[in-house]
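Listing of entry-v1.tsv, TSV, N, CA, C and O atoms
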```tsv
chain	number	residue	atom	x	y	z
A	1	LEU	N	-2.34	-10.58	-2.35
A	1	LEU	CA	-3.75	-10.89	-2.15
A	1	LEU	C	-4.66	-9.70	-2.41
A	1	LEU	O	-5.86	-9.87	-2.48
A	2	ARG	N	-4.08	-8.53	-2.54
A	2	ARG	CA	-4.90	-7.33	-2.70
A	2	ARG	C	-5.93	-7.48	-3.82
A	2	ARG	O	-7.10	-7.20	-3.64
A	3	TRP	N	-5.50	-7.95	-4.96
A	3	TRP	CA	-6.40	-7.99	-6.12
A	3	TRP	C	-7.48	-9.05	-6.00
A	3	TRP	O	-8.49	-8.98	-6.70
A	4	VAL	N	-7.32	-10.04	-5.14
A	4	VAL	CA	-8.39	-11.02	-4.97
A	4	VAL	C	-9.32	-10.66	-3.81
A	4	VAL	O	-10.45	-11.14	-3.74
A	5	LEU	N	-8.86	-9.81	-2.90
A	5	LEU	CA	-9.69	-9.43	-1.75
A	5	LEU	C	-10.47	-8.15	-1.98
A	5	LEU	O	-11.48	-7.92	-1.34
A	6	ARG	N	-9.98	-7.29	-2.85
A	6	ARG	CA	-10.65	-6.01	-3.12
A	6	ARG	C	-11.44	-6.12	-4.40
A	6	ARG	O	-11.01	-6.73	-5.36
A	7	SER	N	-12.58	-5.48	-4.42
A	7	SER	CA	-13.40	-5.46	-5.63
A	7	SER	C	-13.72	-4.01	-5.96
A	7	SER	O	-14.50	-3.35	-5.27
A	8	ASP	N	-13.08	-3.51	-7.02
A	8	ASP	CA	-13.30	-2.13	-7.45
A	8	ASP	C	-12.99	-2.03	-8.94
A	8	ASP	O	-12.96	-3.04	-9.63
A	9	ASP	N	-12.74	-0.83	-9.44
A	9	ASP	CA	-12.47	-0.64	-10.87
A	9	ASP	C	-11.17	-1.31	-11.32
A	9	ASP	O	-11.01	-1.63	-12.49
A	10	ILE	N	-10.23	-1.50	-10.40
A	10	ILE	CA	-8.93	-2.07	-10.75
A	10	ILE	C	-8.83	-3.53	-10.34
A	10	ILE	O	-8.36	-4.37	-11.10
A	11	ASP	N	-9.27	-3.85	-9.14
A	11	ASP	CA	-9.12	-5.19	-8.58
A	11	ASP	C	-10.39	-6.02	-8.79
A	11	ASP	O	-11.48	-5.56	-8.48
A	12	PRO	N	-10.26	-7.26	-9.27
A	12	PRO	CA	-11.44	-8.07	-9.60
A	12	PRO	C	-12.17	-8.67	-8.40
A	12	PRO	O	-13.32	-9.08	-8.52
A	13	GLY	N	-11.54	-8.76	-7.23
A	13	GLY	CA	-12.21	-9.28	-6.05
A	13	GLY	C	-12.66	-10.72	-6.17
A	13	GLY	O	-13.81	-11.05	-5.89
A	14	LEU	N	-11.76	-11.60	-6.56
A	14	LEU	CA	-12.12	-12.99	-6.79
A	14	LEU	C	-12.55	-13.73	-5.52
A	14	LEU	O	-13.25	-14.73	-5.59
A	15	TRP	N	-12.12	-13.24	-4.35
A	15	TRP	CA	-12.44	-13.94	-3.11
A	15	TRP	C	-13.50	-13.23	-2.29
A	15	TRP	O	-13.58	-13.42	-1.08
A	16	THR	N	-14.31	-12.40	-2.87
A	16	THR	CA	-15.35	-11.74	-2.09
A	16	THR	C	-16.38	-12.78	-1.64
A	16	THR	O	-16.55	-13.82	-2.26
A	17	ARG	N	-17.08	-12.50	-0.56
A	17	ARG	CA	-18.05	-13.44	0.00
A	17	ARG	C	-19.11	-13.87	-1.01
A	17	ARG	O	-19.59	-14.98	-0.97
A	18	LYS	N	-19.46	-13.00	-1.92
A	18	LYS	CA	-20.49	-13.33	-2.90
A	18	LYS	C	-20.02	-14.38	-3.89
A	18	LYS	O	-20.80	-15.14	-4.42
A	19	LYS	N	-18.70	-14.41	-4.16
A	19	LYS	CA	-18.17	-15.30	-5.18
A	19	LYS	C	-17.60	-16.60	-4.60
A	19	LYS	O	-17.58	-17.62	-5.25
A	20	VAL	N	-17.07	-16.54	-3.37
A	20	VAL	CA	-16.44	-17.69	-2.75
A	20	VAL	C	-16.96	-17.81	-1.32
A	20	VAL	O	-17.02	-16.82	-0.61
A	21	LYS	N	-17.32	-19.00	-0.91
A	21	LYS	CA	-17.78	-19.20	0.47
A	21	LYS	C	-16.55	-19.27	1.37
A	21	LYS	O	-15.84	-20.28	1.39
A	22	LEU	N	-16.31	-18.20	2.12
A	22	LEU	CA	-15.16	-18.14	3.00
A	22	LEU	C	-15.57	-18.52	4.41
A	22	LEU	O	-16.67	-18.20	4.86
A	23	ASN	N	-14.69	-19.20	5.11
A	23	ASN	CA	-14.97	-19.60	6.48
A	23	ASN	C	-14.62	-18.53	7.49
A	23	ASN	O	-14.92	-18.65	8.66
A	24	SER	N	-13.94	-17.49	7.08
A	24	SER	CA	-13.57	-16.42	7.99
A	24	SER	C	-13.79	-15.07	7.31
A	24	SER	O	-14.11	-15.00	6.14
A	25	ASP	N	-13.60	-14.04	8.07
A	25	ASP	CA	-13.80	-12.69	7.55
A	25	ASP	C	-12.51	-12.19	6.91
A	25	ASP	O	-11.87	-11.29	7.41
A	26	VAL	N	-12.12	-12.80	5.81
A	26	VAL	CA	-10.93	-12.38	5.09
A	26	VAL	C	-11.31	-11.19	4.22
A	26	VAL	O	-12.31	-11.22	3.52
A	27	GLY	N	-10.53	-10.14	4.30
A	27	GLY	CA	-10.84	-8.96	3.51
A	27	GLY	C	-9.66	-8.03	3.43
A	27	GLY	O	-8.58	-8.30	3.97
A	28	PRO	N	-9.84	-6.90	2.78
A	28	PRO	CA	-8.75	-5.95	2.59
A	28	PRO	C	-8.19	-5.39	3.89
A	28	PRO	O	-7.04	-4.97	3.95
A	29	HIS	N	-8.99	-5.40	4.96
A	29	HIS	CA	-8.52	-4.89	6.24
A	29	HIS	C	-7.38	-5.73	6.83
A	29	HIS	O	-6.68	-5.28	7.73
A	30	GLU	N	-7.16	-6.93	6.29
A	30	GLU	CA	-6.09	-7.80	6.78
A	30	GLU	C	-4.83	-7.74	5.92
A	30	GLU	O	-3.84	-8.39	6.24
A	31	CYS	N	-4.85	-6.98	4.85
A	31	CYS	CA	-3.69	-6.87	3.97
A	31	CYS	C	-2.69	-5.86	4.51
A	31	CYS	O	-3.02	-4.99	5.30
A	32	PHE	N	-1.47	-5.98	4.04
A	32	PHE	CA	-0.40	-5.06	4.39
A	32	PHE	C	0.04	-4.33	3.13
A	32	PHE	O	0.02	-4.90	2.04
A	33	ILE	N	0.48	-3.10	3.30
A	33	ILE	CA	0.93	-2.29	2.16
A	33	ILE	C	2.18	-2.91	1.54
A	33	ILE	O	3.10	-3.30	2.26
A	34	PRO	N	2.22	-3.06	0.23
A	34	PRO	CA	3.46	-3.52	-0.41
A	34	PRO	C	4.53	-2.44	-0.25
A	34	PRO	O	4.29	-1.28	-0.56
A	35	MET	N	5.67	-2.82	0.28
A	35	MET	CA	6.72	-1.84	0.58
A	35	MET	C	7.88	-1.99	-0.40
A	35	MET	O	8.61	-2.97	-0.36
A	36	ASP	N	7.99	-1.03	-1.29
A	36	ASP	CA	9.17	-0.97	-2.15
A	36	ASP	C	9.90	0.31	-1.82
A	36	ASP	O	9.51	1.06	-0.92
A	37	THR	N	10.96	0.58	-2.52
A	37	THR	CA	11.77	1.76	-2.22
A	37	THR	C	10.99	3.06	-2.41
A	37	THR	O	11.19	4.02	-1.68
A	38	HIS	N	10.06	3.08	-3.37
A	38	HIS	CA	9.29	4.29	-3.65
A	38	HIS	C	8.29	4.57	-2.54
A	38	HIS	O	8.15	5.71	-2.09
A	39	VAL	N	7.59	3.55	-2.10
A	39	VAL	CA	6.63	3.70	-1.00
A	39	VAL	C	7.38	4.08	0.27
A	39	VAL	O	6.96	4.98	1.01
A	40	HIS	N	8.48	3.41	0.53
A	40	HIS	CA	9.27	3.69	1.74
A	40	HIS	C	9.77	5.13	1.75
A	40	HIS	O	9.61	5.86	2.74
A	41	ARG	N	10.34	5.57	0.64
A	41	ARG	CA	10.87	6.94	0.55
A	41	ARG	C	9.74	7.97	0.70
A	41	ARG	O	9.89	8.97	1.39
A	42	TRP	N	8.59	7.70	0.07
A	42	TRP	CA	7.44	8.61	0.14
A	42	TRP	C	6.97	8.76	1.58
A	42	TRP	O	6.73	9.88	2.05
A	43	ALA	N	6.84	7.65	2.30
A	43	ALA	CA	6.36	7.69	3.69
A	43	ALA	C	7.37	8.36	4.61
A	43	ALA	O	6.99	9.14	5.50
A	44	LEU	N	8.65	8.09	4.42
A	44	LEU	CA	9.69	8.74	5.24
A	44	LEU	C	9.69	10.25	5.04
A	44	LEU	O	9.78	11.01	6.01
A	45	LYS	N	9.59	10.66	3.79
A	45	LYS	CA	9.63	12.10	3.47
A	45	LYS	C	8.47	12.86	4.13
A	45	LYS	O	8.60	14.03	4.46
A	46	ARG	N	7.36	12.17	4.35
A	46	ARG	CA	6.17	12.80	4.95
A	46	ARG	C	6.04	12.50	6.44
A	46	ARG	O	5.02	12.76	7.05
A	47	ASN	N	7.10	11.96	7.03
A	47	ASN	CA	7.13	11.62	8.45
A	47	ASN	C	6.00	10.69	8.86
A	47	ASN	O	5.46	10.80	9.97
A	48	LEU	N	5.64	9.78	7.98
A	48	LEU	CA	4.61	8.78	8.28
A	48	LEU	C	5.24	7.45	8.67
A	48	LEU	O	4.53	6.48	8.95
A	49	LEU	N	6.56	7.42	8.70
A	49	LEU	CA	7.30	6.19	8.96
A	49	LEU	C	8.59	6.56	9.67
A	49	LEU	O	9.23	7.55	9.33
A	50	THR	N	8.95	5.77	10.68
A	50	THR	CA	10.21	6.03	11.39
A	50	THR	C	11.26	4.98	11.08
A	50	THR	O	12.44	5.22	11.27
A	51	THR	N	10.85	3.82	10.59
A	51	THR	CA	11.78	2.74	10.27
A	51	THR	C	12.61	3.14	9.05
A	51	THR	O	12.06	3.48	8.01
A	52	LYS	N	13.92	3.11	9.21
A	52	LYS	CA	14.82	3.66	8.18
A	52	LYS	C	15.09	2.75	7.00
A	52	LYS	O	15.71	3.16	6.04
A	53	ASN	N	14.66	1.49	7.04
A	53	ASN	CA	14.83	0.62	5.87
A	53	ASN	C	13.51	-0.07	5.55
A	53	ASN	O	12.67	-0.25	6.43
A	54	PRO	N	13.31	-0.43	4.29
A	54	PRO	CA	12.03	-1.03	3.88
A	54	PRO	C	11.92	-2.50	4.31
A	54	PRO	O	12.02	-3.41	3.51
A	55	SER	N	11.72	-2.71	5.60
A	55	SER	CA	11.67	-4.05	6.18
A	55	SER	C	10.22	-4.42	6.53
A	55	SER	O	9.30	-3.63	6.37
A	56	TRP	N	10.07	-5.63	7.06
A	56	TRP	CA	8.75	-6.07	7.52
A	56	TRP	C	8.24	-5.15	8.63
A	56	TRP	O	7.06	-4.86	8.72
A	57	LYS	N	9.15	-4.66	9.46
A	57	LYS	CA	8.78	-3.71	10.52
A	57	LYS	C	8.18	-2.44	9.90
A	57	LYS	O	7.18	-1.91	10.38
A	58	ALA	N	8.79	-1.96	8.82
A	58	ALA	CA	8.28	-0.77	8.13
A	58	ALA	C	6.91	-1.04	7.52
A	58	ALA	O	6.03	-0.18	7.54
A	59	VAL	N	6.72	-2.23	6.97
A	59	VAL	CA	5.42	-2.60	6.39
A	59	VAL	C	4.34	-2.53	7.45
A	59	VAL	O	3.28	-1.93	7.25
A	60	ARG	N	4.59	-3.15	8.59
A	60	ARG	CA	3.59	-3.14	9.68
A	60	ARG	C	3.34	-1.72	10.18
A	60	ARG	O	2.19	-1.32	10.41
A	61	GLU	N	4.41	-0.95	10.36
A	61	GLU	CA	4.27	0.41	10.86
A	61	GLU	C	3.44	1.28	9.90
A	61	GLU	O	2.50	1.97	10.32
A	62	PHE	N	3.76	1.24	8.62
A	62	PHE	CA	3.06	2.08	7.66
A	62	PHE	C	1.62	1.61	7.44
A	62	PHE	O	0.71	2.42	7.29
A	63	THR	N	1.39	0.31	7.46
A	63	THR	CA	0.02	-0.20	7.35
A	63	THR	C	-0.82	0.30	8.52
A	63	THR	O	-1.97	0.70	8.33
A	64	ASN	N	-0.25	0.32	9.71
A	64	ASN	CA	-0.99	0.83	10.88
A	64	ASN	C	-1.30	2.32	10.74
A	64	ASN	O	-2.37	2.77	11.17
A	65	VAL	N	-0.40	3.07	10.14
A	65	VAL	CA	-0.67	4.49	9.88
A	65	VAL	C	-1.85	4.62	8.91
A	65	VAL	O	-2.77	5.41	9.13
A	66	LEU	N	-1.83	3.82	7.85
A	66	LEU	CA	-2.91	3.88	6.86
A	66	LEU	C	-4.24	3.38	7.43
A	66	LEU	O	-5.31	3.83	7.01
A	67	LYS	N	-4.19	2.48	8.41
A	67	LYS	CA	-5.42	2.00	9.06
A	67	LYS	C	-6.11	3.12	9.84
A	67	LYS	O	-7.31	3.07	10.06
A	68	GLN	N	-5.35	4.12	10.25
A	68	GLN	CA	-5.95	5.27	10.93
A	68	GLN	C	-6.80	6.08	9.96
A	68	GLN	O	-7.76	6.73	10.35
A	69	VAL	N	-6.44	6.06	8.68
A	69	VAL	CA	-7.19	6.77	7.64
A	69	VAL	C	-8.38	5.94	7.18
A	69	VAL	O	-9.50	6.44	7.05
A	70	ASP	N	-8.15	4.65	6.93
A	70	ASP	CA	-9.21	3.76	6.47
A	70	ASP	C	-9.01	2.37	7.08
A	70	ASP	O	-8.28	1.55	6.54
A	71	PRO	N	-9.65	2.10	8.22
A	71	PRO	CA	-9.45	0.81	8.89
A	71	PRO	C	-9.99	-0.38	8.09
A	71	PRO	O	-9.55	-1.51	8.29
A	72	HIS	N	-10.92	-0.16	7.18
A	72	HIS	CA	-11.52	-1.25	6.41
A	72	HIS	C	-10.71	-1.61	5.17
A	72	HIS	O	-10.79	-2.73	4.69
A	73	ASP	N	-9.94	-0.67	4.65
A	73	ASP	CA	-9.16	-0.91	3.44
A	73	ASP	C	-7.91	-0.02	3.42
A	73	ASP	O	-7.79	0.90	2.61
A	74	PRO	N	-6.97	-0.27	4.33
A	74	PRO	CA	-5.81	0.61	4.46
A	74	PRO	C	-4.88	0.61	3.24
A	74	PRO	O	-4.17	1.59	3.02
A	75	ILE	N	-4.90	-0.44	2.45
A	75	ILE	CA	-3.96	-0.49	1.32
A	75	ILE	C	-4.54	0.08	0.03
A	75	ILE	O	-3.91	0.00	-1.01
A	76	ARG	N	-5.70	0.69	0.12
A	76	ARG	CA	-6.29	1.24	-1.11
A	76	ARG	C	-5.45	2.38	-1.69
A	76	ARG	O	-5.61	2.77	-2.83
A	77	PHE	N	-4.52	2.87	-0.88
A	77	PHE	CA	-3.68	3.99	-1.31
A	77	PHE	C	-2.38	3.54	-1.96
A	77	PHE	O	-1.60	4.37	-2.41
A	78	ASP	N	-2.10	2.24	-2.02
A	78	ASP	CA	-0.78	1.78	-2.43
A	78	ASP	C	-0.39	2.20	-3.84
A	78	ASP	O	0.74	2.60	-4.08
A	79	PHE	N	-1.30	2.15	-4.77
A	79	PHE	CA	-0.99	2.50	-6.16
A	79	PHE	C	-0.59	3.97	-6.27
A	79	PHE	O	0.45	4.30	-6.86
A	80	SER	N	-1.37	4.86	-5.69
A	80	SER	CA	-1.06	6.29	-5.80
A	80	SER	C	0.19	6.67	-5.03
A	80	SER	O	0.99	7.48	-5.51
A	81	ILE	N	0.41	6.06	-3.87
A	81	ILE	CA	1.62	6.35	-3.10
A	81	ILE	C	2.85	5.90	-3.88
A	81	ILE	O	3.84	6.64	-3.99
A	82	CYS	N	2.81	4.70	-4.42
A	82	CYS	CA	3.96	4.18	-5.18
A	82	CYS	C	4.26	5.07	-6.38
A	82	CYS	O	5.41	5.42	-6.63
A	83	HIS	N	3.23	5.47	-7.10
A	83	HIS	CA	3.47	6.28	-8.30
A	83	HIS	C	3.93	7.69	-7.96
A	83	HIS	O	4.74	8.27	-8.69
A	84	GLN	N	3.47	8.24	-6.85
A	84	GLN	CA	4.00	9.53	-6.41
A	84	GLN	C	5.47	9.40	-6.05
A	84	GLN	O	6.28	10.27	-6.34
A	85	GLY	N	5.82	8.30	-5.39
A	85	GLY	CA	7.21	8.03	-5.05
A	85	GLY	C	8.08	7.88	-6.27
A	85	GLY	O	9.21	8.38	-6.33
A	86	MET	N	7.57	7.18	-7.28
A	86	MET	CA	8.33	7.01	-8.53
A	86	MET	C	8.51	8.35	-9.24
A	86	MET	O	9.57	8.63	-9.79
A	87	GLU	N	7.48	9.17	-9.25
A	87	GLU	CA	7.56	10.47	-9.92
A	87	GLU	C	8.57	11.37	-9.22
A	87	GLU	O	9.35	12.06	-9.88
A	88	SER	N	8.58	11.36	-7.90
A	88	SER	CA	9.57	12.15	-7.15
A	88	SER	C	10.99	11.71	-7.49
A	88	SER	O	11.87	12.53	-7.69
A	89	PHE	N	11.19	10.39	-7.56
A	89	PHE	CA	12.50	9.86	-7.89
A	89	PHE	C	12.92	10.27	-9.29
A	89	PHE	O	14.05	10.68	-9.52
A	90	ARG	N	11.99	10.20	-10.24
A	90	ARG	CA	12.30	10.58	-11.62
A	90	ARG	C	12.69	12.06	-11.70
A	90	ARG	O	13.65	12.42	-12.37
A	91	LYS	N	11.95	12.91	-10.99
A	91	LYS	CA	12.27	14.34	-11.01
A	91	LYS	C	13.64	14.62	-10.40
A	91	LYS	O	14.38	15.45	-10.92
A	92	GLN	N	13.97	13.92	-9.30
A	92	GLN	CA	15.30	14.09	-8.70
A	92	GLN	C	16.39	13.65	-9.66
A	92	GLN	O	17.42	14.31	-9.81
A	93	LYS	N	16.17	12.53	-10.33
A	93	LYS	CA	17.14	11.99	-11.27
A	93	LYS	C	17.33	12.94	-12.45
A	93	LYS	O	18.44	13.21	-12.87
A	94	ASP	N	16.20	13.47	-12.98
A	94	ASP	CA	16.28	14.40	-14.11
A	94	ASP	C	17.01	15.68	-13.73
A	94	ASP	O	17.79	16.22	-14.51
A	95	SER	N	16.77	16.20	-12.51
A	95	SER	CA	17.43	17.44	-12.12
A	95	SER	C	18.92	17.22	-11.86
A	95	SER	O	19.74	18.12	-12.05
A	96	ALA	N	19.31	16.02	-11.45
A	96	ALA	CA	20.72	15.71	-11.25
A	96	ALA	C	21.47	15.63	-12.57
A	96	ALA	O	22.65	15.97	-12.66
A	97	ILE	N	20.77	15.20	-13.62
A	97	ILE	CA	21.39	15.07	-14.94
A	97	ILE	C	21.57	16.45	-15.58
A	97	ILE	O	22.54	16.70	-16.28
A	98	SER	N	20.64	17.36	-15.32
A	98	SER	CA	20.67	18.69	-15.96
A	98	SER	C	21.85	19.52	-15.54
A	98	SER	O	22.42	19.50	-14.57
```

Same coordinates, now as structure tokens:
Amino acid sequence: LRWVLRSDDIDPGLWTRKKVKLNSDVGPHECFIPMDTHVHRWALKRNLLTTKNPSWKAVREFTNVLKQVDPHDPIRFDFSICHQGMESFRKQKDSAIS
């Protein structure tokens, strides 16, 4: 839902109040961070997460951490976090091959 709830340079915001008459206050503040192995590893490495596997519990825990930074749009960081996690993984893999 991120791309329909957020309206910025990347996300089109198809469900913003101006475009769709919503009956409730649906917005980015209700979204959860997408948790893949890269996001999970990145958060664990920085001690922002205690859950040891990328489960629904980890999603809730990490989203709550991000809400402390931005309560209105906690998942705005998901793209950069994921790509930092992927880059770290690539560097580890490359150094293991060398």

Residues near region 74-83 of chain A, cut-off 5 Å, all atoms listed in the file, skip fewer than 6 positions along chain, as a ChimeraX atom specification:
/A:28,38-39,66-67

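The spacing separating atom N of Thr37 (chain A) from atom N of Gln92 (chain A) amounts to 15.3 Å.
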
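Nearest to Met86 (chain A) of all the residues A:His29, A:Trp42, A:Thr63, A:Pro34 is A:Trp42, based on only N, CA, C and O atoms.
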
Separation of atom N of Leu44 (chain A) from CA of Gln68 (chain A) in Å:
16.2 Å

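Nearest residue to Phe32 (chain A) among A:Asn47, A:Gln84, A:Asn53, A:Phe62 is A:Phe62, counting all atoms listed in the file.
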
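You will find CA of Asp73 (chain A) at 29.1 Å from atom N of Lys91 (chain A).
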
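Residues within 8 Å of region 58-61 of chain A, counting all atoms listed in the file and excluding same-chain residues fewer than 6 positions away, are Cys31, Phe32, Ile33, Pro34, Met35, His40, Leu48, Leu49, Thr50, Thr51, Lys52 and Lys67 of chain A.
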
Based on the selection just made, write N, CA, C and O atoms of those residues as an mmCIF file, in the frame of the given file.
```cif
data_model
loop_
_atom_site.group_PDB
_atom_site.id
_atom_site.type_symbol
_atom_site.label_atom_id
_atom_site.label_comp_id
_atom_site.auth_asym_id
_atom_site.auth_seq_id
_atom_site.Cartn_x
_atom_site.Cartn_y
_atom_site.Cartn_z
ATOM 1 N N CYS A 31 -4.850 -6.980 4.850
ATOM 2 C CA CYS A 31 -3.690 -6.870 3.970
ATOM 3 C C CYS A 31 -2.690 -5.860 4.510
ATOM 4 O O CYS A 31 -3.020 -4.990 5.300
ATOM 5 N N PHE A 32 -1.470 -5.980 4.040
ATOM 6 C CA PHE A 32 -0.400 -5.060 4.390
ATOM 7 C C PHE A 32 0.040 -4.330 3.130
ATOM 8 O O PHE A 32 0.020 -4.900 2.040
ATOM 9 N N ILE A 33 0.480 -3.100 3.300
ATOM 10 C CA ILE A 33 0.930 -2.290 2.160
ATOM 11 C C ILE A 33 2.180 -2.910 1.540
ATOM 12 O O ILE A 33 3.100 -3.300 2.260
ATOM 13 N N PRO A 34 2.220 -3.060 0.230
ATOM 14 C CA PRO A 34 3.460 -3.520 -0.410
ATOM 15 C C PRO A 34 4.530 -2.440 -0.250
ATOM 16 O O PRO A 34 4.290 -1.280 -0.560
ATOM 17 N N MET A 35 5.670 -2.820 0.280
ATOM 18 C CA MET A 35 6.720 -1.840 0.580
ATOM 19 C C MET A 35 7.880 -1.990 -0.400
ATOM 20 O O MET A 35 8.610 -2.970 -0.360
ATOM 21 N N HIS A 40 8.480 3.410 0.530
ATOM 22 C CA HIS A 40 9.270 3.690 1.740
ATOM 23 C C HIS A 40 9.770 5.130 1.750
ATOM 24 O O HIS A 40 9.610 5.860 2.740
ATOM 25 N N LEU A 48 5.640 9.780 7.980
ATOM 26 C CA LEU A 48 4.610 8.780 8.280
ATOM 27 C C LEU A 48 5.240 7.450 8.670
ATOM 28 O O LEU A 48 4.530 6.480 8.950
ATOM 29 N N LEU A 49 6.560 7.420 8.700
ATOM 30 C CA LEU A 49 7.300 6.190 8.960
ATOM 31 C C LEU A 49 8.590 6.560 9.670
ATOM 32 O O LEU A 49 9.230 7.550 9.330
ATOM 33 N N THR A 50 8.950 5.770 10.680
ATOM 34 C CA THR A 50 10.210 6.030 11.390
ATOM 35 C C THR A 50 11.260 4.980 11.080
ATOM 36 O O THR A 50 12.440 5.220 11.270
ATOM 37 N N THR A 51 10.850 3.820 10.590
ATOM 38 C CA THR A 51 11.780 2.740 10.270
ATOM 39 C C THR A 51 12.610 3.140 9.050
ATOM 40 O O THR A 51 12.060 3.480 8.010
ATOM 41 N N LYS A 52 13.920 3.110 9.210
ATOM 42 C CA LYS A 52 14.820 3.660 8.180
ATOM 43 C C LYS A 52 15.090 2.750 7.000
ATOM 44 O O LYS A 52 15.710 3.160 6.040
ATOM 45 N N LYS A 67 -4.190 2.480 8.410
ATOM 46 C CA LYS A 67 -5.420 2.000 9.060
ATOM 47 C C LYS A 67 -6.110 3.120 9.840
ATOM 48 O O LYS A 67 -7.310 3.070 10.060
#
```
